[in-house]
Each structure stands twice: as structure tokens, then as C-alpha cells.
file coords.csv (CSV, C-alpha atoms)
chain,number,residue,atom,x,y,z
A,11,MET,CA,-6.7,-0.3,16.7
A,12,LYS,CA,-6.2,-4.0,17.1
A,13,ARG,CA,-6.8,-5.0,13.5
A,14,MET,CA,-4.2,-2.5,12.3
A,15,HIS,CA,-1.7,-4.0,14.7
A,16,LEU,CA,-2.5,-7.5,13.4
A,17,ALA,CA,-2.0,-6.3,9.8
A,18,GLN,CA,1.3,-4.7,10.7
A,19,MET,CA,2.5,-7.9,12.4
A,20,ALA,CA,1.4,-10.1,9.5
A,21,TYR,CA,3.3,-7.8,7.1
A,22,GLN,CA,6.5,-7.9,9.3
A,23,GLN,CA,6.3,-11.7,9.3
A,24,GLU,CA,6.1,-11.6,5.4
A,25,HIS,CA,2.5,-12.8,5.4
A,26,TYR,CA,1.6,-10.3,2.7
A,27,GLN,CA,-1.7,-11.9,1.7
A,28,GLN,CA,-3.0,-11.9,5.3
A,29,ALA,CA,-1.8,-8.3,5.8
A,30,ALA,CA,-3.4,-7.1,2.6
A,31,THR,CA,-6.7,-8.8,3.5
A,32,ILE,CA,-6.8,-7.2,7.0
A,33,TYR,CA,-5.9,-3.8,5.6
A,34,LEU,CA,-8.5,-4.1,2.8
A,35,THR,CA,-11.2,-5.1,5.3
A,36,LEU,CA,-10.3,-2.0,7.4
A,37,LEU,CA,-10.7,0.1,4.3
A,38,GLN,CA,-14.2,-1.3,3.7
A,39,GLN,CA,-15.2,0.1,7.1
A,40,TYR,CA,-13.0,3.2,7.0
A,41,PRO,CA,-12.4,4.2,3.4
A,42,ASN,CA,-10.4,7.3,4.3
A,43,PHE,CA,-8.0,5.6,6.7
A,44,LYS,CA,-4.7,6.6,5.2
A,45,SER,CA,-2.5,4.3,7.2
A,46,ALA,CA,-4.6,1.3,6.1
A,47,ARG,CA,-4.3,2.4,2.5
A,48,LEU,CA,-0.5,2.7,2.8
A,49,GLY,CA,-0.3,-0.7,4.5
A,50,ALA,CA,-2.5,-2.4,2.0
A,51,ALA,CA,-0.5,-0.9,-0.9
A,52,GLU,CA,2.8,-2.0,0.7
A,53,ALA,CA,1.5,-5.5,1.2
A,54,LEU,CA,0.2,-5.6,-2.4
A,55,PHE,CA,3.4,-4.3,-3.9
A,56,SER,CA,5.2,-7.0,-2.0
A,57,TYR,CA,3.5,-9.7,-4.1
A,58,HIS,CA,5.3,-8.3,-7.2
A,59,ASP,CA,2.6,-9.4,-9.6
A,60,GLU,CA,0.9,-7.1,-12.0
A,61,GLU,CA,-2.7,-7.4,-10.7
A,62,SER,CA,-1.6,-6.7,-7.1
A,63,CYS,CA,0.5,-3.8,-8.1
A,64,GLN,CA,-2.4,-2.3,-10.1
A,65,GLN,CA,-4.6,-2.6,-7.1
A,66,ALA,CA,-2.0,-0.9,-5.0
A,67,LEU,CA,-1.8,2.0,-7.4
A,68,LYS,CA,-5.5,2.4,-7.3
A,69,LEU,CA,-5.4,2.6,-3.5
A,70,LEU,CA,-2.7,5.3,-3.7
A,71,GLY,CA,-4.3,7.3,-6.5
A,72,SER,CA,-6.6,9.2,-4.2
A,73,ILE,CA,-4.2,10.2,-1.5
A,74,GLY,CA,-1.2,12.4,-1.2
A,75,LEU,CA,2.1,11.0,0.0
A,76,ASP,CA,4.8,12.7,1.8
A,77,THR,CA,8.5,11.9,1.2
A,78,GLU,CA,8.7,9.4,4.1
A,79,GLU,CA,5.6,7.6,2.9
A,80,TYR,CA,6.8,7.3,-0.7
A,81,THR,CA,10.2,6.1,0.5
A,82,ARG,CA,8.5,3.4,2.5
A,83,LEU,CA,6.5,2.2,-0.5
A,84,LYS,CA,9.4,2.5,-2.9
A,85,LYS,CA,11.2,-0.2,-0.9
A,86,VAL,CA,8.7,-2.8,-2.1
A,87,MET,CA,7.3,-1.1,-5.3
A,88,PRO,CA,8.6,-2.7,-8.4
A,89,GLU,CA,10.7,-0.3,-10.4
A,90,ALA,CA,8.3,-0.2,-13.4
A,91,TYR,CA,5.6,1.0,-11.1
A,92,GLN,CA,7.8,3.6,-9.4
A,93,GLY,CA,8.1,5.4,-12.8
A,94,TYR,CA,4.3,5.2,-13.4
A,95,PHE,CA,3.5,6.4,-9.9
A,96,ILE,CA,5.9,9.4,-10.1
A,97,SER,CA,4.6,10.4,-13.6
A,98,GLN,CA,1.0,10.2,-12.3
A,99,LYS,CA,1.8,12.3,-9.3
A,100,ARG,CA,3.5,15.0,-11.5
A,101,LYS,CA,0.4,15.2,-13.7
A,102,SER,CA,-1.8,15.9,-10.7
A,103,ARG,CA,0.2,18.9,-9.5
call {"tool": "encode", "arguments": {"input": "coords.csv", "output": "C-alpha cells"}}
result
Amino acid sequence: MKRMHLAQMAYQQEHYQQAATIYLTLLQQYPNFKSARLGAAEALFSYHDEESCQQALKLLGSIGLDTEEYTRLKKVMPEAYQGYFISQKRKSR
């Protein structure tokens, strides 16, 4: 998918806002597109501001993550949100 590739390239070039916008646009058309949810969350966590991090958590709240996916997000997820995310996931088990 061309837009997915564009979003990934934008993220790799540290154009987080552009990447998030592309991913979120994809999610409007394909709400269950897990790769786009992960990409959007990754870009939003990279902003390191509370509003963006809250938006990222909302995107992740409805999907399950495997260890590799969580490890990928943890690299950019502020530490305060890591604790919240883990505690939320434990509650849902």
C-alpha cells in the first residue's frame, strides 16, 4: 500500500507529524488496520507531549500487542506512559 510506505518513510525521516497524519487518514478508511494503528501510535509517542501520547494510548487500547510490537513502541513511548499501558493491559487479561 503506497500510503503506508509514505507514512513509514516520513517516520524514518523524523517527520512525525506527517507520518501520524498519513496513518490516521488510513485508519479513517480502514479502522482495523493494525499496522497503521501501530505506526500512528509510534509517531504520536514520538511527539512526547501529553495530548499526543493520550491519543496514541486510545489507538492502542482496542488491539492486542505481541512482544515485538510492544518493544517497538516502548522505544518511543515516554516512561510514564509505559507504566500506564502495562497496567491497563494487565487489567484486561
call {"tool": "residues_around", "arguments": {"input": "coords.csv", "residues": "A:Ala30", "least_positions_apart": "3", "cutoff": "7 Å", "atoms": "only C-alpha atoms", "output": "list in words"}}
result
Tyr26, Gln27, Tyr33, Leu34, Ala50, Ala53 and Leu54 of chain A
call {"tool": "closest_residue", "arguments": {"input": "coords.csv", "among": "A:Ser62, A:Gln18, A:Ser72, A:Thr35", "to": "A:Gly49", "atoms": "all atoms listed in the file"}}
result
A:Gln18
call {"tool": "residues_near_point", "arguments": {"input": "coords.csv", "point": "(-1.3, -12.3, 9.3)", "cutoff": "7 Å", "atoms": "all atoms listed in the file", "output": "ChimeraX atom specification"}}
result
/A:16-17,19-21,25,28-29
call {"tool": "atom_distance", "arguments": {"input": "coords.csv", "atom1": "atom CA of A:Ile32", "atom2": "atom CA of A:Asp76"}}
result
23.6 Å
call {"tool": "residues_around", "arguments": {"input": "coords.csv", "residues": "A:Leu67", "least_positions_apart": "4", "cutoff": "12 Å", "atoms": "only C-alpha atoms", "output": "JSON list (two decimals) with C-alpha atoms, in the coordinates of the input"}}
result
[["chain", "number", "residue", "atom", "x", "y", "z"],
["A", 47, "ARG", "CA", -4.30, 2.40, 2.50],
["A", 48, "LEU", "CA", -0.50, 2.70, 2.80],
["A", 50, "ALA", "CA", -2.50, -2.40, 2.00],
["A", 51, "ALA", "CA", -0.50, -0.90, -0.90],
["A", 52, "GLU", "CA", 2.80, -2.00, 0.70],
["A", 53, "ALA", "CA", 1.50, -5.50, 1.20],
["A", 54, "LEU", "CA", 0.20, -5.60, -2.40],
["A", 55, "PHE", "CA", 3.40, -4.30, -3.90],
["A", 60, "GLU", "CA", 0.90, -7.10, -12.00],
["A", 61, "GLU", "CA", -2.70, -7.40, -10.70],
["A", 62, "SER", "CA", -1.60, -6.70, -7.10],
["A", 63, "CYS", "CA", 0.50, -3.80, -8.10],
["A", 71, "GLY", "CA", -4.30, 7.30, -6.50],
["A", 72, "SER", "CA", -6.60, 9.20, -4.20],
["A", 73, "ILE", "CA", -4.20, 10.20, -1.50],
["A", 83, "LEU", "CA", 6.50, 2.20, -0.50],
["A", 87, "MET", "CA", 7.30, -1.10, -5.30],
["A", 88, "PRO", "CA", 8.60, -2.70, -8.40],
["A", 90, "ALA", "CA", 8.30, -0.20, -13.40],
["A", 91, "TYR", "CA", 5.60, 1.00, -11.10],
["A", 92, "GLN", "CA", 7.80, 3.60, -9.40],
["A", 93, "GLY", "CA", 8.10, 5.40, -12.80],
["A", 94, "TYR", "CA", 4.30, 5.20, -13.40],
["A", 95, "PHE", "CA", 3.50, 6.40, -9.90],
["A", 96, "ILE", "CA", 5.90, 9.40, -10.10],
["A", 98, "GLN", "CA", 1.00, 10.20, -12.30],
["A", 99, "LYS", "CA", 1.80, 12.30, -9.30]]
call {"tool": "closest_residue", "arguments": {"input": "coords.csv", "among": "A:Gln64, A:Leu69, A:Tyr57, A:Met11", "to": "A:Leu37", "atoms": "only C-alpha atoms"}}
result
A:Leu69
call {"tool": "atom_distance", "arguments": {"input": "coords.csv", "atom1": "atom CA of A:Arg13", "atom2": "atom CA of A:Leu75"}}
result
22.7 Å
call {"tool": "atom_distance", "arguments": {"input": "coords.csv", "atom1": "atom CA of A:Glu79", "atom2": "atom CA of A:Asp59"}}
result
21.3 Å
call {"tool": "closest_residue", "arguments": {"input": "coords.csv", "among": "A:Glu89, A:Thr81, A:Pro41, A:Leu36", "to": "A:His15", "atoms": "all atoms listed in the file"}}
result
A:Leu36
call {"tool": "decode", "arguments": {"input": "coords.csv", "residues": "chain A", "atoms": "C-alpha atoms", "output": "PDB file, in the first residue's frame"}}
result
ATOM      1  CA  MET A  11       0.000   0.000   0.000  1.00  0.00           C
ATOM      2  CA  LYS A  12       1.573   3.233  -1.200  1.00  0.00           C
ATOM      3  CA  ARG A  13       0.296   5.449   1.638  1.00  0.00           C
ATOM      4  CA  MET A  14       1.622   3.023   4.236  1.00  0.00           C
ATOM      5  CA  HIS A  15       5.046   3.205   2.625  1.00  0.00           C
ATOM      6  CA  LEU A  16       4.874   7.027   2.571  1.00  0.00           C
ATOM      7  CA  ALA A  17       3.977   7.069   6.270  1.00  0.00           C
ATOM      8  CA  GLN A  18       6.866   4.736   7.107  1.00  0.00           C
ATOM      9  CA  MET A  19       9.301   6.874   5.130  1.00  0.00           C
ATOM     10  CA  ALA A  20       8.079  10.051   6.821  1.00  0.00           C
ATOM     11  CA  TYR A  21       8.561   8.437  10.218  1.00  0.00           C
ATOM     12  CA  GLN A  22      12.075   7.225   9.356  1.00  0.00           C
ATOM     13  CA  GLN A  23      12.952  10.781   8.323  1.00  0.00           C
ATOM     14  CA  GLU A  24      11.634  12.011  11.706  1.00  0.00           C
ATOM     15  CA  HIS A  25       8.680  13.805  10.114  1.00  0.00           C
ATOM     16  CA  TYR A  26       6.422  12.549  12.878  1.00  0.00           C
ATOM     17  CA  GLN A  27       3.505  14.887  12.220  1.00  0.00           C
ATOM     18  CA  GLN A  28       3.378  13.927   8.549  1.00  0.00           C
ATOM     19  CA  ALA A  29       3.640  10.223   9.414  1.00  0.00           C
ATOM     20  CA  ALA A  30       0.883  10.458  12.022  1.00  0.00           C
ATOM     21  CA  THR A  31      -1.381  12.311   9.602  1.00  0.00           C
ATOM     22  CA  ILE A  32      -0.954   9.669   6.908  1.00  0.00           C
ATOM     23  CA  TYR A  33      -1.504   6.804   9.344  1.00  0.00           C
ATOM     24  CA  LEU A  34      -4.600   8.457  10.833  1.00  0.00           C
ATOM     25  CA  THR A  35      -6.011   9.044   7.349  1.00  0.00           C
ATOM     26  CA  LEU A  36      -5.520   5.357   6.592  1.00  0.00           C
ATOM     27  CA  LEU A  37      -7.339   4.487   9.814  1.00  0.00           C
ATOM     28  CA  GLN A  38     -10.331   6.567   8.766  1.00  0.00           C
ATOM     29  CA  GLN A  39     -10.695   4.304   5.740  1.00  0.00           C
ATOM     30  CA  TYR A  40      -9.522   1.073   7.387  1.00  0.00           C
ATOM     31  CA  PRO A  41     -10.248   1.300  11.135  1.00  0.00           C
ATOM     32  CA  ASN A  42      -8.996  -2.240  11.855  1.00  0.00           C
ATOM     33  CA  PHE A  43      -5.656  -1.834  10.048  1.00  0.00           C
ATOM     34  CA  LYS A  44      -3.330  -2.868  12.886  1.00  0.00           C
ATOM     35  CA  SER A  45      -0.096  -1.804  11.181  1.00  0.00           C
ATOM     36  CA  ALA A  46      -1.495   1.692  10.682  1.00  0.00           C
ATOM     37  CA  ARG A  47      -2.559   1.829  14.364  1.00  0.00           C
ATOM     38  CA  LEU A  48       0.931   0.844  15.459  1.00  0.00           C
ATOM     39  CA  GLY A  49       2.554   3.324  13.101  1.00  0.00           C
ATOM     40  CA  ALA A  50       0.267   6.155  14.187  1.00  0.00           C
ATOM     41  CA  ALA A  51       0.897   5.386  17.857  1.00  0.00           C
ATOM     42  CA  GLU A  52       4.642   5.254  17.262  1.00  0.00           C
ATOM     43  CA  ALA A  53       4.591   8.640  15.513  1.00  0.00           C
ATOM     44  CA  LEU A  54       2.342  10.184  18.178  1.00  0.00           C
ATOM     45  CA  PHE A  55       4.511   8.900  21.045  1.00  0.00           C
ATOM     46  CA  SER A  56       7.492  10.457  19.273  1.00  0.00           C
ATOM     47  CA  TYR A  57       5.983  13.914  19.888  1.00  0.00           C
ATOM     48  CA  HIS A  58       6.449  13.379  23.654  1.00  0.00           C
ATOM     49  CA  ASP A  59       3.559  15.665  24.574  1.00  0.00           C
ATOM     50  CA  GLU A  60       0.650  14.612  26.733  1.00  0.00           C
ATOM     51  CA  GLU A  61      -2.123  15.118  24.175  1.00  0.00           C
ATOM     52  CA  SER A  62      -0.358  13.058  21.503  1.00  0.00           C
ATOM     53  CA  CYS A  63       0.518  10.315  23.968  1.00  0.00           C
ATOM     54  CA  GLN A  64      -3.098  10.103  25.126  1.00  0.00           C
ATOM     55  CA  GLN A  65      -4.208   9.825  21.500  1.00  0.00           C
ATOM     56  CA  ALA A  66      -1.662   7.030  20.950  1.00  0.00           C
ATOM     57  CA  LEU A  67      -2.954   5.153  24.009  1.00  0.00           C
ATOM     58  CA  LYS A  68      -6.502   5.369  22.671  1.00  0.00           C
ATOM     59  CA  LEU A  69      -5.366   3.880  19.371  1.00  0.00           C
ATOM     60  CA  LEU A  70      -3.678   1.003  21.171  1.00  0.00           C
ATOM     61  CA  GLY A  71      -6.464   0.360  23.650  1.00  0.00           C
ATOM     62  CA  SER A  72      -8.502  -1.734  21.269  1.00  0.00           C
ATOM     63  CA  ILE A  73      -5.756  -4.021  19.930  1.00  0.00           C
ATOM     64  CA  GLY A  74      -3.538  -6.696  21.370  1.00  0.00           C
ATOM     65  CA  LEU A  75       0.213  -6.351  21.040  1.00  0.00           C
ATOM     66  CA  ASP A  76       2.776  -9.075  20.847  1.00  0.00           C
ATOM     67  CA  THR A  77       6.197  -8.672  22.489  1.00  0.00           C
ATOM     68  CA  GLU A  78       7.851  -7.412  19.316  1.00  0.00           C
ATOM     69  CA  GLU A  79       5.178  -4.765  18.751  1.00  0.00           C
ATOM     70  CA  TYR A  80       5.331  -3.566  22.354  1.00  0.00           C
ATOM     71  CA  THR A  81       9.144  -3.433  22.219  1.00  0.00           C
ATOM     72  CA  ARG A  82       8.929  -1.296  19.074  1.00  0.00           C
ATOM     73  CA  LEU A  83       6.533   1.145  20.757  1.00  0.00           C
ATOM     74  CA  LYS A  84       8.446   1.181  24.028  1.00  0.00           C
ATOM     75  CA  LYS A  85      11.431   2.727  22.229  1.00  0.00           C
ATOM     76  CA  VAL A  86       9.467   5.961  21.721  1.00  0.00           C
ATOM     77  CA  MET A  87       6.844   5.716  24.465  1.00  0.00           C
ATOM     78  CA  PRO A  88       7.593   8.049  27.388  1.00  0.00           C
ATOM     79  CA  GLU A  89       8.311   6.094  30.564  1.00  0.00           C
ATOM     80  CA  ALA A  90       5.230   7.431  32.364  1.00  0.00           C
ATOM     81  CA  TYR A  91       3.025   6.001  29.631  1.00  0.00           C
ATOM     82  CA  GLN A  92       4.786   2.640  29.644  1.00  0.00           C
ATOM     83  CA  GLY A  93       3.626   2.058  33.204  1.00  0.00           C
ATOM     84  CA  TYR A  94       0.081   3.098  32.377  1.00  0.00           C
ATOM     85  CA  PHE A  95      -0.004   0.935  29.278  1.00  0.00           C
ATOM     86  CA  ILE A  96       1.278  -2.138  31.097  1.00  0.00           C
ATOM     87  CA  SER A  97      -1.166  -1.703  33.983  1.00  0.00           C
ATOM     88  CA  GLN A  98      -4.059  -1.257  31.545  1.00  0.00           C
ATOM     89  CA  LYS A  99      -3.111  -4.410  29.654  1.00  0.00           C
ATOM     90  CA  ARG A 100      -2.847  -6.421  32.882  1.00  0.00           C
ATOM     91  CA  LYS A 101      -6.346  -5.324  33.869  1.00  0.00           C
ATOM     92  CA  SER A 102      -7.773  -6.567  30.582  1.00  0.00           C
ATOM     93  CA  ARG A 103      -6.398 -10.116  30.998  1.00  0.00           C
TER      94      ARG A 103
END
